[in-house]
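Enquirer: Below is the file entry_11.cif, with mmCIF, C-alpha atoms and all ligand atoms.
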data_final
loop_
_atom_site.group_PDB
_atom_site.id
_atom_site.type_symbol
_atom_site.label_atom_id
_atom_site.label_comp_id
_atom_site.auth_asym_id
_atom_site.auth_seq_id
_atom_site.Cartn_x
_atom_site.Cartn_y
_atom_site.Cartn_z
ATOM 1 C CA ALA I 214 -98.812 123.822 -61.273
ATOM 2 C CA ALA I 215 -100.627 121.524 -58.862
ATOM 3 C CA LEU I 216 -99.129 118.542 -60.678
ATOM 4 C CA VAL I 217 -95.652 120.025 -60.409
ATOM 5 C CA GLN I 218 -96.194 120.391 -56.687
ATOM 6 C CA LYS I 219 -97.213 116.737 -56.493
ATOM 7 C CA VAL I 220 -94.155 115.467 -58.381
ATOM 8 C CA GLN I 221 -91.948 117.689 -56.246
ATOM 9 C CA ASN I 222 -93.464 116.253 -53.097
ATOM 10 C CA CYS I 223 -92.705 112.767 -54.413
ATOM 11 C CA LEU I 224 -89.045 113.743 -54.683
ATOM 12 C CA LYS I 225 -89.045 114.724 -51.026
ATOM 13 C CA GLU I 226 -89.873 111.181 -49.852
ATOM 14 C CA GLU I 227 -88.435 110.705 -46.376
ATOM 15 C CA ALA I 228 -86.973 107.236 -46.883
ATOM 16 C CA TRP I 229 -84.836 108.567 -49.716
ATOM 17 C CA ILE I 230 -83.576 111.553 -47.763
ATOM 18 C CA LYS I 231 -82.585 109.294 -44.840
ATOM 19 C CA ASN I 232 -80.951 106.683 -47.065
ATOM 20 C CA PRO I 233 -79.858 108.395 -50.252
ATOM 21 C CA SER I 234 -79.144 105.533 -52.657
ATOM 22 C CA VAL I 235 -80.395 105.238 -56.212
ATOM 23 C CA GLU I 236 -82.306 102.098 -55.294
ATOM 24 C CA VAL I 237 -84.223 103.617 -52.409
ATOM 25 C CA PHE I 238 -84.850 106.741 -54.392
ATOM 26 C CA LEU I 239 -86.391 104.848 -57.302
ATOM 27 C CA ALA I 240 -88.524 102.628 -55.116
ATOM 28 C CA ALA I 241 -89.832 105.592 -53.181
ATOM 29 C CA LEU I 242 -90.424 107.637 -56.288
ATOM 30 C CA ARG I 243 -92.322 104.770 -57.930
ATOM 31 C CA ARG I 244 -94.539 104.314 -54.888
ATOM 32 C CA ARG I 245 -95.287 107.987 -54.555
ATOM 33 C CA LEU I 246 -95.913 108.592 -58.243
ATOM 34 C CA ASP I 247 -98.352 105.709 -58.329
ATOM 35 C CA ALA I 248 -100.178 106.893 -55.232
ATOM 36 C CA CYS I 249 -100.283 110.620 -55.878
ATOM 37 C CA VAL I 250 -99.682 111.433 -59.523
ATOM 38 C CA ASP I 251 -100.037 109.016 -62.399
ATOM 39 C CA GLY I 252 -99.726 105.247 -62.801
ATOM 40 C CA LYS I 253 -98.068 105.685 -66.199
ATOM 41 C CA LEU I 254 -95.242 107.699 -64.745
ATOM 42 C CA ALA I 255 -94.813 105.102 -62.029
ATOM 43 C CA ASN I 256 -94.611 102.334 -64.673
ATOM 44 C CA ALA I 257 -91.891 104.225 -66.491
ATOM 45 C CA VAL I 258 -89.899 104.254 -63.288
ATOM 46 C CA THR I 259 -90.442 100.506 -62.833
ATOM 47 C CA ASN I 260 -88.333 99.954 -65.920
ATOM 48 C CA ILE I 261 -85.322 101.481 -64.291
ATOM 49 C CA HIS I 262 -85.407 99.304 -61.204
ATOM 50 C CA VAL I 263 -81.915 98.591 -59.917
ATOM 51 C CA LYS I 264 -81.489 95.094 -58.502
ATOM 52 C CA ARG I 265 -80.174 94.522 -55.014
ATOM 53 C CA GLU I 266 -77.386 92.184 -56.128
ATOM 54 C CA ASP I 267 -76.027 94.940 -58.327
ATOM 55 C CA LYS I 268 -74.833 96.708 -55.185
ATOM 56 C CA SER I 269 -71.253 95.631 -55.794
ATOM 57 C CA ARG I 270 -71.200 97.629 -58.999
ATOM 58 C CA ASN I 271 -71.169 101.364 -59.190
ATOM 59 C CA LEU I 272 -74.878 102.081 -58.949
ATOM 60 C CA ASP I 273 -74.617 105.693 -59.978
ATOM 61 C CA ARG I 274 -72.768 104.744 -63.118
ATOM 62 C CA GLU I 275 -75.340 102.064 -63.876
ATOM 63 C CA PHE I 276 -78.106 104.570 -63.286
ATOM 64 C CA TYR I 277 -76.784 107.337 -65.484
ATOM 65 C CA GLU I 278 -75.427 105.141 -68.267
ATOM 66 C CA LYS I 279 -78.256 102.664 -68.729
ATOM 67 C CA LYS I 280 -81.321 103.244 -66.644
ATOM 68 C CA LEU I 281 -81.827 106.943 -67.109
ATOM 69 C CA PRO I 282 -81.741 106.828 -70.946
ATOM 70 C CA GLU I 283 -84.227 103.958 -70.736
ATOM 71 C CA LEU I 284 -86.508 106.036 -68.569
ATOM 72 C CA CYS I 285 -86.307 108.935 -70.977
ATOM 73 C CA LYS I 286 -87.153 106.681 -73.927
ATOM 74 C CA ASN I 287 -90.161 105.309 -72.051
ATOM 75 C CA LEU I 288 -91.334 108.752 -71.133
ATOM 76 C CA GLN I 289 -91.064 109.867 -74.740
ATOM 77 C CA ARG I 290 -93.159 106.945 -75.920
ATOM 78 C CA MET I 291 -96.024 107.952 -73.668
ATOM 79 C CA THR I 292 -98.542 110.510 -74.711
ATOM 80 C CA MET I 293 -98.579 112.909 -71.834
ATOM 81 C CA PRO I 294 -99.756 116.307 -73.015
ATOM 82 C CA VAL I 295 -100.169 117.401 -69.407
ATOM 83 C CA PHE I 296 -96.576 116.426 -68.678
ATOM 84 C CA ASN I 297 -95.290 118.434 -71.649
ATOM 85 C CA GLN I 298 -97.296 121.438 -70.587
ATOM 86 C CA MET I 299 -95.918 121.408 -67.105
ATOM 87 C CA LEU I 300 -92.311 120.859 -68.211
ATOM 88 C CA PRO I 301 -91.228 124.530 -68.025
ATOM 89 C CA ASP I 302 -92.693 124.757 -64.523
ATOM 90 C CA LEU I 303 -91.083 121.474 -63.559
ATOM 91 C CA ILE I 304 -87.668 122.621 -64.802
ATOM 92 C CA LYS I 305 -88.027 125.844 -62.814
ATOM 93 C CA ALA I 306 -89.019 123.854 -59.739
ATOM 94 C CA VAL I 307 -86.046 121.483 -60.102
ATOM 95 C CA MET I 308 -83.656 124.435 -60.544
ATOM 96 C CA GLN I 309 -85.119 125.969 -57.408
ATOM 97 C CA GLU I 310 -84.723 122.697 -55.544
ATOM 98 C CA MET I 311 -81.126 122.269 -56.728
ATOM 99 C CA SER I 312 -80.200 125.812 -55.670
ATOM 100 C CA SER I 313 -79.828 124.733 -52.071
ATOM 101 C CA VAL I 314 -77.940 121.426 -52.361
ATOM 102 C CA PRO I 315 -74.730 121.491 -50.306
ATOM 103 C CA ASP I 316 -72.459 120.474 -53.215
ATOM 104 C CA GLU I 317 -71.851 123.695 -55.164
ATOM 105 C CA ASN I 318 -70.918 121.726 -58.286
ATOM 106 C CA CYS I 319 -74.483 120.462 -58.489
ATOM 107 C CA ARG I 320 -76.140 123.859 -58.174
ATOM 108 C CA PRO I 321 -77.244 126.129 -60.983
ATOM 109 C CA ARG I 322 -74.770 128.919 -61.689
ATOM 110 C CA CYS I 323 -74.702 132.362 -60.075
ATOM 111 C CA GLU I 324 -76.515 134.833 -62.294
ATOM 112 C CA ALA I 325 -74.489 137.970 -61.522
ATOM 113 C CA ARG I 326 -72.894 139.660 -64.535
ATOM 114 C CA CYS I 327 -69.715 141.709 -64.459
ATOM 115 C CA PRO I 328 -70.942 145.323 -64.468
ATOM 116 C CA ALA I 329 -68.092 146.305 -66.793
ATOM 117 C CA CYS I 330 -68.098 143.567 -69.464
ATOM 118 C CA GLY I 331 -71.263 141.527 -68.902
ATOM 119 C CA SER I 332 -69.473 138.200 -68.376
ATOM 120 C CA ILE I 333 -71.435 135.928 -66.062
ATOM 121 C CA CYS I 334 -70.066 134.853 -62.633
ATOM 122 C CA TYR I 335 -68.565 131.349 -62.723
ATOM 123 C CA HIS I 336 -69.427 130.380 -59.142
ATOM 124 C CA ALA I 337 -72.508 128.415 -58.062
ATOM 125 C CA LYS I 338 -75.778 130.041 -57.067
ATOM 126 C CA GLY I 339 -75.474 131.377 -53.520
ATOM 127 C CA HIS I 340 -71.723 130.603 -53.581
ATOM 128 C CA SER I 341 -69.583 130.419 -50.474
ATOM 129 C CA ALA I 342 -66.882 132.505 -52.168
ATOM 130 C CA ALA I 343 -67.337 136.011 -50.764
ATOM 131 C CA LYS I 344 -67.181 137.772 -54.118
ATOM 132 C CA HIS I 345 -68.335 137.152 -57.672
ATOM 133 C CA ASN I 346 -65.657 136.265 -60.196
ATOM 134 C CA THR I 347 -65.606 135.615 -63.901
ATOM 135 C CA ILE I 348 -63.404 135.270 -66.937
ATOM 136 C CA HIS I 349 -63.846 138.740 -68.367
ATOM 137 C CA GLN I 350 -64.820 139.089 -72.037
ATOM 138 C CA PRO I 351 -64.431 141.834 -74.656
ATOM 139 C CA ALA I 352 -66.800 144.458 -73.205
ATOM 140 C CA GLY I 353 -68.297 145.183 -76.634
ATOM 141 C CA LEU I 354 -70.039 141.825 -76.424
ATOM 142 C CA ALA I 355 -72.264 143.450 -73.785
ATOM 143 C CA GLY I 356 -72.661 146.639 -75.849
ATOM 144 C CA HIS I 357 -70.081 148.786 -74.056
ATOM 145 C CA LYS I 358 -68.634 151.628 -76.143
ATOM 146 C CA TRP I 359 -65.604 153.898 -75.733
ATOM 147 C CA PHE I 360 -66.561 157.241 -74.160
ATOM 148 C CA ARG I 361 -67.999 159.694 -76.720
ATOM 149 C CA LYS I 362 -67.507 157.188 -79.529
ATOM 150 C CA ILE I 363 -69.749 154.690 -81.207
ATOM 151 C CA ALA I 364 -67.043 152.005 -81.402
ATOM 152 C CA LEU I 365 -67.562 148.824 -79.347
ATOM 153 C CA VAL I 366 -64.888 148.165 -76.700
ATOM 154 C CA GLU I 367 -62.639 145.323 -77.839
ATOM 155 C CA ARG I 368 -60.857 144.924 -74.504
ATOM 156 C CA SER I 369 -61.842 142.775 -71.549
ATOM 157 C CA CYS I 370 -61.768 144.085 -67.955
ATOM 158 C CA LEU I 371 -58.444 142.309 -67.462
ATOM 159 C CA GLN I 372 -56.962 144.018 -70.535
ATOM 160 C CA CYS I 373 -58.389 147.363 -69.374
ATOM 161 C CA LEU I 374 -56.676 146.826 -66.040
ATOM 162 C CA GLU I 375 -53.374 145.863 -67.686
ATOM 163 C CA THR I 376 -53.441 148.838 -70.060
ATOM 164 C CA ALA I 377 -54.557 151.338 -67.375
ATOM 165 C CA VAL I 378 -57.855 152.200 -69.045
ATOM 166 C CA ARG I 379 -60.192 154.436 -67.080
ATOM 167 C CA MET I 380 -63.899 153.758 -66.890
ATOM 168 C CA VAL I 381 -66.294 156.620 -67.344
ATOM 169 C CA ARG I 382 -69.466 156.465 -65.312
ATOM 170 C CA GLU I 383 -72.582 158.575 -65.032
ATOM 171 C CA ASP I 384 -72.072 160.148 -68.437
ATOM 172 C CA GLY I 385 -68.645 161.518 -67.582
ATOM 173 C CA ALA I 386 -69.383 162.743 -64.065
ATOM 174 C CA ARG I 387 -66.987 160.144 -62.637
ATOM 175 C CA VAL I 388 -63.788 158.716 -64.098
ATOM 176 C CA ILE I 389 -62.301 155.698 -62.328
ATOM 177 C CA PRO I 390 -59.060 153.882 -63.110
ATOM 178 C CA PHE I 391 -59.543 150.132 -63.649
ATOM 179 C CA SER I 392 -57.068 149.569 -60.811
ATOM 180 C CA GLU I 393 -59.957 150.567 -58.549
ATOM 181 C CA PHE I 394 -62.300 148.009 -60.096
ATOM 182 C CA ASP I 395 -62.818 146.207 -56.783
ATOM 183 C CA LYS I 396 -63.516 149.463 -54.954
ATOM 184 C CA GLU I 397 -66.034 150.546 -57.567
ATOM 185 C CA TYR I 398 -67.664 147.117 -57.581
ATOM 186 C CA PRO I 399 -67.114 145.768 -54.049
ATOM 187 C CA GLU I 400 -69.094 142.591 -54.785
ATOM 188 C CA TRP I 401 -66.546 141.557 -57.423
ATOM 189 C CA ASP I 402 -63.033 140.150 -57.280
ATOM 190 C CA MET I 403 -60.304 142.025 -59.113
ATOM 191 C CA PRO I 404 -59.877 140.647 -62.672
ATOM 192 C CA THR I 405 -57.040 138.112 -62.826
ATOM 193 C CA SER I 406 -55.377 136.280 -65.670
ATOM 194 C CA ASN I 407 -56.614 132.787 -64.913
ATOM 195 C CA GLU I 408 -57.614 130.498 -67.782
ATOM 196 C CA ALA I 409 -56.763 132.861 -70.624
ATOM 197 C CA SER I 410 -57.679 130.185 -73.163
ATOM 198 C CA ALA I 411 -61.233 129.997 -71.806
ATOM 199 C CA ILE I 412 -62.048 133.396 -73.297
ATOM 200 C CA GLN I 413 -60.814 132.656 -76.818
ATOM 201 C CA MET I 414 -64.210 131.498 -78.010
ATOM 202 C CA ARG I 415 -65.735 134.844 -76.960
ATOM 203 C CA GLU I 416 -62.877 136.733 -78.664
ATOM 204 C CA TRP I 417 -63.450 134.768 -81.851
ATOM 205 C CA ILE I 418 -67.203 135.508 -81.752
ATOM 206 C CA PHE I 419 -66.452 139.192 -81.165
ATOM 207 C CA PHE I 420 -64.053 139.193 -84.147
ATOM 208 C CA ARG I 421 -66.253 137.171 -86.477
ATOM 209 C CA TYR I 422 -69.639 138.752 -85.746
ATOM 210 C CA GLN I 423 -68.873 142.500 -85.476
ATOM 211 C CA ARG I 424 -71.483 143.422 -88.079
ATOM 212 C CA GLU I 425 -74.159 141.320 -86.341
ATOM 213 C CA LEU I 426 -73.279 142.746 -82.900
ATOM 214 C CA VAL I 427 -73.458 146.328 -84.164
ATOM 215 C CA ASP I 428 -76.819 145.639 -85.833
ATOM 216 C CA TYR I 429 -78.043 143.898 -82.691
ATOM 217 C CA PHE I 430 -77.285 146.813 -80.362
ATOM 218 C CA ASN I 431 -78.489 149.444 -82.836
ATOM 219 C CA ALA I 432 -81.797 147.630 -83.116
ATOM 220 C CA ARG I 433 -82.243 147.088 -79.387
ATOM 221 C CA ARG I 434 -80.956 150.239 -77.727
ATOM 222 C CA ALA I 435 -83.039 153.080 -79.024
ATOM 223 C CA GLY I 436 -81.418 156.514 -79.037
ATOM 224 C CA GLN I 437 -77.867 155.130 -79.040
ATOM 225 C CA LYS I 438 -75.555 154.543 -81.970
ATOM 226 C CA PHE I 439 -73.119 151.648 -82.182
ATOM 227 C CA GLY I 440 -70.241 151.004 -84.578
ATOM 228 C CA PRO I 441 -67.583 148.314 -85.031
ATOM 229 C CA ALA I 442 -64.502 148.139 -82.804
ATOM 230 C CA GLU I 443 -61.749 150.435 -84.066
ATOM 231 C CA ASN I 444 -58.742 148.528 -82.813
ATOM 232 C CA MET I 445 -59.756 144.915 -83.239
ATOM 233 C CA PRO I 446 -56.818 142.693 -82.246
ATOM 234 C CA THR I 447 -56.062 140.246 -85.067
ATOM 235 C CA ALA I 448 -55.179 137.804 -82.298
ATOM 236 C CA TYR I 449 -58.917 137.427 -81.669
ATOM 237 C CA ASN I 450 -59.232 135.610 -84.977
ATOM 238 C CA HIS I 451 -58.430 132.257 -83.369
ATOM 239 C CA ASP I 452 -58.310 129.065 -85.362
ATOM 240 C CA ARG I 453 -61.838 127.747 -85.499
ATOM 241 C CA ALA I 454 -60.853 124.085 -85.748
ATOM 242 C CA GLN I 455 -58.645 124.454 -82.671
ATOM 243 C CA LEU I 456 -61.430 126.098 -80.669
ATOM 244 C CA GLN I 457 -63.800 123.373 -81.734
ATOM 245 C CA ALA I 458 -61.340 120.630 -80.752
ATOM 246 C CA ARG I 459 -60.719 122.192 -77.351
ATOM 247 C CA LEU I 460 -64.433 122.504 -76.669
ATOM 248 C CA HIS I 461 -64.943 118.899 -77.727
ATOM 249 C CA ASN I 462 -62.128 117.696 -75.461
ATOM 250 C CA THR I 463 -63.615 119.575 -72.514
ATOM 251 C CA LEU I 464 -67.199 118.447 -72.951
ATOM 252 C CA ARG I 465 -67.029 114.961 -74.457
ATOM 253 C CA PRO I 466 -65.585 113.211 -71.348
ATOM 254 C CA LYS I 467 -68.604 114.405 -69.356
ATOM 255 C CA PHE I 468 -70.850 112.095 -71.387
ATOM 256 C CA PRO I 469 -70.906 108.344 -70.735
ATOM 257 C CA ASN I 470 -71.282 107.273 -74.369
ATOM 258 C CA GLU I 471 -71.630 108.404 -77.974
ATOM 259 C CA ASP I 472 -75.453 108.321 -77.820
ATOM 260 C CA ALA I 473 -75.650 110.684 -74.874
ATOM 261 C CA TRP I 474 -73.160 113.001 -76.580
ATOM 262 C CA THR I 475 -75.118 113.032 -79.858
ATOM 263 C CA GLN I 476 -78.296 113.754 -77.910
ATOM 264 C CA PHE I 477 -76.626 116.704 -76.226
ATOM 265 C CA ILE I 478 -75.410 118.139 -79.541
ATOM 266 C CA GLN I 479 -78.879 117.758 -81.010
ATOM 267 C CA LEU I 480 -80.375 119.504 -78.011
ATOM 268 C CA LEU I 481 -77.932 122.393 -78.507
ATOM 269 C CA LYS I 482 -79.060 122.768 -82.108
ATOM 270 C CA THR I 483 -82.657 123.354 -80.995
ATOM 271 C CA PHE I 484 -81.734 126.597 -79.224
HETATM 272 ZN ZN ZN W 501 -71.936 116.693 -57.028
HETATM 273 ZN ZN ZN W 502 -65.663 142.242 -66.646
HETATM 274 ZN ZN ZN W 503 -71.457 135.092 -58.234
#
Before anything else, please render the file you have as structure tokens.
Expert:
Amino acid sequence: AALVQKVQNCLKEEAWIKNPSVEVFLAALRRRLDACVDGKLANAVTNIHVKREDKSRNLDREFYEKKLPELCKNLQRMTMPVFNQMLPDLIKAVMQEMSSVPDENCRPRCEARCPACGSICYHAKGHSAAKHNTIHQPAGLAGHKWFRKIALVERSCLQCLETAVRMVREDGARVIPFSEFDKEYPEWDMPTSNEASAIQMREWIFFRYQRELVDYFNARRAGQKFGPAENMPTAYNHDRAQLQARLHNTLRPKFPNEDAWTQFIQLLKTF
């Protein structure tokens, strides 16, 4: 933890905060790592030095496309058991640090979940938007059942709103129409029909993995009984190849080259 603190302090180098360019950042980081942490780490950073005459080019692009992968390769080649041990702490520290950057796109995501369907808020952590919002999912994915039944709820909050479903709270003591969703949950925006296609993957998972979901909730929520959805919409059985293609088209452009993309896919497979 002390080492994490040290690396973090290196990232707070004044020169870099005053003049935030990749070049200044790297130079400062190299100097600080060498002085306060570990010469090996500093050497790794030396390899990603960006030359002054490269200024005319897009330095950020240069950095992310070429230098950063180089740095990662160098870091991997080193035997740094201490570094590996502190990685979880370091990741936590970086997330913490990133939580307060002004650009909301760069922050970790808000962690609030819709109280009615469990879908996670799509805004940034500490967002400027007054209320949480999400693309609501089939509520059964979060283990919600129809009142006095064991069947998982196949509808999303938006569908519940559109079909005038009422939510039952406190074991039947209160019944609230979904049209009062934003009164019941004042921290949340009313469900709206934006990006309908974004929820198709969740619908497909709900359709395809009913048995697994039922087993999952039965195993984890003692004293409750869960069963499969009774009115599963066949529309949830989306075409897998189409979903896959859409996901690919959304994500692939965010990666600078095939190598980075392959690395990402491999990382996903480790979860
Ligand atoms: Zn940004
Ligand atoms: Zn919801
Ligand atoms: Zn939120």
Enquirer: Can you pull out the residues contacting stretch 395-409 of chain I? Cut-off 8 Å, using all atoms listed in the file, and skip same-chain residues under 4 positions away; I want them as a list of chain:residue names.
Expert: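 Contacts, with the query itself left out: I:Cys327, I:Pro328, I:Ala343, I:Lys344, I:His345, I:Asn346, I:Thr347, I:Ile348, I:His349, I:Cys370, I:Leu371, I:Leu374, I:Ile389, I:Gln413.
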Enquirer: Deliver the residues from the most recent selection as a file, using C-alpha atoms, as a PDB file, keeping the file's coordinate frame.
Expert:
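The resulting file, part16.pdb, is reproduced below:
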ATOM      1  CA  CYS I 327     -69.715 141.709 -64.459  1.00  0.00           C
ATOM      2  CA  PRO I 328     -70.942 145.323 -64.468  1.00  0.00           C
ATOM      3  CA  ALA I 343     -67.337 136.011 -50.764  1.00  0.00           C
ATOM      4  CA  LYS I 344     -67.181 137.772 -54.118  1.00  0.00           C
ATOM      5  CA  HIS I 345     -68.335 137.152 -57.672  1.00  0.00           C
ATOM      6  CA  ASN I 346     -65.657 136.265 -60.196  1.00  0.00           C
ATOM      7  CA  THR I 347     -65.606 135.615 -63.901  1.00  0.00           C
ATOM      8  CA  ILE I 348     -63.404 135.270 -66.937  1.00  0.00           C
ATOM      9  CA  HIS I 349     -63.846 138.740 -68.367  1.00  0.00           C
ATOM     10  CA  CYS I 370     -61.768 144.085 -67.955  1.00  0.00           C
ATOM     11  CA  LEU I 371     -58.444 142.309 -67.462  1.00  0.00           C
ATOM     12  CA  LEU I 374     -56.676 146.826 -66.040  1.00  0.00           C
ATOM     13  CA  ILE I 389     -62.301 155.698 -62.328  1.00  0.00           C
ATOM     14  CA  GLN I 413     -60.814 132.656 -76.818  1.00  0.00           C
TER      15      GLN I 413
END
Enquirer: For atom CA of I:Glu443 and atom CA of I:Ser392, quote the distance in Å rounded to one decimal.
Expert: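 Separation between atom CA of I:Glu443 and atom CA of I:Ser392: 23.7 Å.
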Enquirer: Taking all atoms listed in the file into account, which residues have an atom no farther than 8 Å from ligand ZN 503 (chain W)? I'd like them as a list in words.
Expert: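 These are the residues that qualify: Arg322, Cys323, Glu324, Ala325, Arg326, Ile333, Cys334, Tyr335, His336, Ala337, Lys338, Gly339, His340, Lys344, His345 and Asn346 of chain I.
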Enquirer: When you count only C-alpha atoms and all ligand atoms, which of these residues is closest to ligand ZN 502 (chain W): I:Arg387, I:Arg368, I:Arg320, I:Lys358?
Expert: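 Comparing I:Arg387, I:Arg368, I:Arg320, I:Lys358 against ligand ZN 502 (chain W), the winner is I:Arg368.
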Enquirer: Where does the PyMOL selection byres (((chain I and resi 442) around 10) and not hetatm) land in this file, that is, which residues does it pick, as an MDAnalysis selection string?
Expert: chainID I and resid 353 358:359 363:368 419:420 423:424 427 439:441 443:446
Enquirer: Which residues form the shell of 10 Å around ligand ZN 501 (chain W) when you count only C-alpha atoms and all ligand atoms, given as a PyMOL selection string?
Expert: chain I and resi 314-320
Enquirer: Could you check which of I:Leu246, I:Ala377, I:Gly385, I:Phe394 is closest to ligand ZN 502 (chain W), using only C-alpha atoms and all ligand atoms?
Expert: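 Looking only at the distances to ligand ZN 502 (chain W), the closest residue turns out to be I:Phe394.
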